[in-house]
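Enquirer: So here's model-v4.pdb (PDB, C-alpha atoms).
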```pdb
MODEL        1
ATOM      1  CA  MET A   1      -3.920 -20.349  34.331  1.00  0.00           C
ATOM      2  CA  ALA A   2      -1.150 -19.605  31.787  1.00  0.00           C
ATOM      3  CA  PRO A   3      -1.913 -17.503  28.685  1.00  0.00           C
ATOM      4  CA  LYS A   4      -2.481 -19.629  25.582  1.00  0.00           C
ATOM      5  CA  ASN A   5      -1.633 -17.104  22.860  1.00  0.00           C
ATOM      6  CA  ASN A   6       2.104 -16.735  23.568  1.00  0.00           C
ATOM      7  CA  ARG A   7       3.233 -19.267  20.913  1.00  0.00           C
ATOM      8  CA  GLY A   8       6.747 -19.708  22.217  1.00  0.00           C
ATOM      9  CA  LYS A   9       7.779 -16.041  22.339  1.00  0.00           C
ATOM     10  CA  ALA A  10       9.454 -14.564  25.384  1.00  0.00           C
ATOM     11  CA  LYS A  11       7.393 -12.294  27.592  1.00  0.00           C
ATOM     12  CA  GLY A  12       7.345  -8.737  26.214  1.00  0.00           C
ATOM     13  CA  GLU A  13       8.654  -9.753  22.772  1.00  0.00           C
ATOM     14  CA  LYS A  14       6.420  -8.536  19.950  1.00  0.00           C
ATOM     15  CA  LYS A  15       6.455  -9.008  16.204  1.00  0.00           C
ATOM     16  CA  LYS A  16       7.963  -5.967  14.482  1.00  0.00           C
ATOM     17  CA  LYS A  17       5.831  -4.326  11.806  1.00  0.00           C
ATOM     18  CA  GLU A  18       7.339  -3.584   8.404  1.00  0.00           C
ATOM     19  CA  GLU A  19       6.537  -0.447   6.444  1.00  0.00           C
ATOM     20  CA  LYS A  20       6.184  -1.097   2.733  1.00  0.00           C
ATOM     21  CA  VAL A  21       5.989   1.531   0.012  1.00  0.00           C
ATOM     22  CA  LEU A  22       3.674   0.514  -2.809  1.00  0.00           C
ATOM     23  CA  PRO A  23       3.757   2.333  -6.156  1.00  0.00           C
ATOM     24  CA  LEU A  24       0.432   3.316  -7.671  1.00  0.00           C
ATOM     25  CA  ALA A  25       0.074   4.425 -11.278  1.00  0.00           C
ATOM     26  CA  LEU A  26      -3.070   5.843 -12.853  1.00  0.00           C
ATOM     27  CA  ASP A  27      -3.651   6.611 -16.521  1.00  0.00           C
ATOM     28  CA  ILE A  28      -6.573   8.938 -17.172  1.00  0.00           C
ATOM     29  CA  THR A  29      -7.761   9.290 -20.771  1.00  0.00           C
ATOM     30  CA  VAL A  30      -9.663  12.460 -21.648  1.00  0.00           C
ATOM     31  CA  ASN A  31     -11.607  12.640 -24.900  1.00  0.00           C
ATOM     32  CA  LEU A  32     -11.709  16.220 -26.141  1.00  0.00           C
ATOM     33  CA  PRO A  33     -14.524  17.722 -28.239  1.00  0.00           C
ATOM     34  CA  ASP A  34     -12.306  17.930 -31.334  1.00  0.00           C
ATOM     35  CA  GLU A  35     -11.984  14.088 -31.323  1.00  0.00           C
ATOM     36  CA  THR A  36      -8.477  13.988 -29.844  1.00  0.00           C
ATOM     37  CA  CYS A  37      -7.395  12.071 -26.766  1.00  0.00           C
ATOM     38  CA  VAL A  38      -5.136  13.243 -23.963  1.00  0.00           C
ATOM     39  CA  VAL A  39      -3.630  10.722 -21.544  1.00  0.00           C
ATOM     40  CA  LEU A  40      -2.795  11.992 -18.067  1.00  0.00           C
ATOM     41  CA  LYS A  41      -0.320   9.872 -16.100  1.00  0.00           C
ATOM     42  CA  HIS A  42      -0.239  10.100 -12.324  1.00  0.00           C
ATOM     43  CA  LYS A  43       2.208   8.179 -10.129  1.00  0.00           C
ATOM     44  CA  THR A  44       2.103   8.171  -6.353  1.00  0.00           C
ATOM     45  CA  PHE A  45       3.675   6.087  -3.639  1.00  0.00           C
ATOM     46  CA  SER A  46       1.550   4.943  -0.749  1.00  0.00           C
ATOM     47  CA  SER A  47       3.021   3.485   2.389  1.00  0.00           C
ATOM     48  CA  GLN A  48       1.393   0.739   4.377  1.00  0.00           C
ATOM     49  CA  VAL A  49       2.379  -0.722   7.700  1.00  0.00           C
ATOM     50  CA  VAL A  50       2.224  -4.510   7.504  1.00  0.00           C
TER      51      VAL A  50
ENDMDL
END
```
Translate this structure into structure tokens?

Expert:
Amino acid sequence: MAPKNNRGKAKGEKKKKEEKVLPLALDITVNLPDETCVVLKHKTFSSQVV
């Protein structure tokens, strides 16, 4: 019996996965005892394979 999940692709041909880099930004607000605020900004880049 022939495989049913081939969907028209040649034998051995696979879908290539893309790697995407997603930016992530966090703002952290710290309230100090003298009633002032400090904002900490943190930026990272996370990569995902899709």

Enquirer: Can you pull out the residues contacting Ala25 in chain A? Cut-off 12 Å, using all atoms listed in the file, and skip same-chain residues under 3 positions away; I want them as a PyMOL selection string.

Expert: chain A and resi 22+28+40-46

Enquirer: Specify the axis-aligned box that encloses all atoms of range 16-23 of chain A listed in the file after padding of 5 Å on each side, stating its centre and edge lengths in Å to one decimal as JSON.

Expert:
```
{"center_x": 5.8, "center_y": -1.8, "center_z": 4.2, "size_x": 14.3, "size_y": 18.3, "size_z": 30.6}
```

Enquirer: In Å, with one decimal, what is the gap from CA of Val38 in chain A to CA of Pro23 in chain A?

Expert: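 Rounded to one decimal, the two atoms are 22.7 Å apart.
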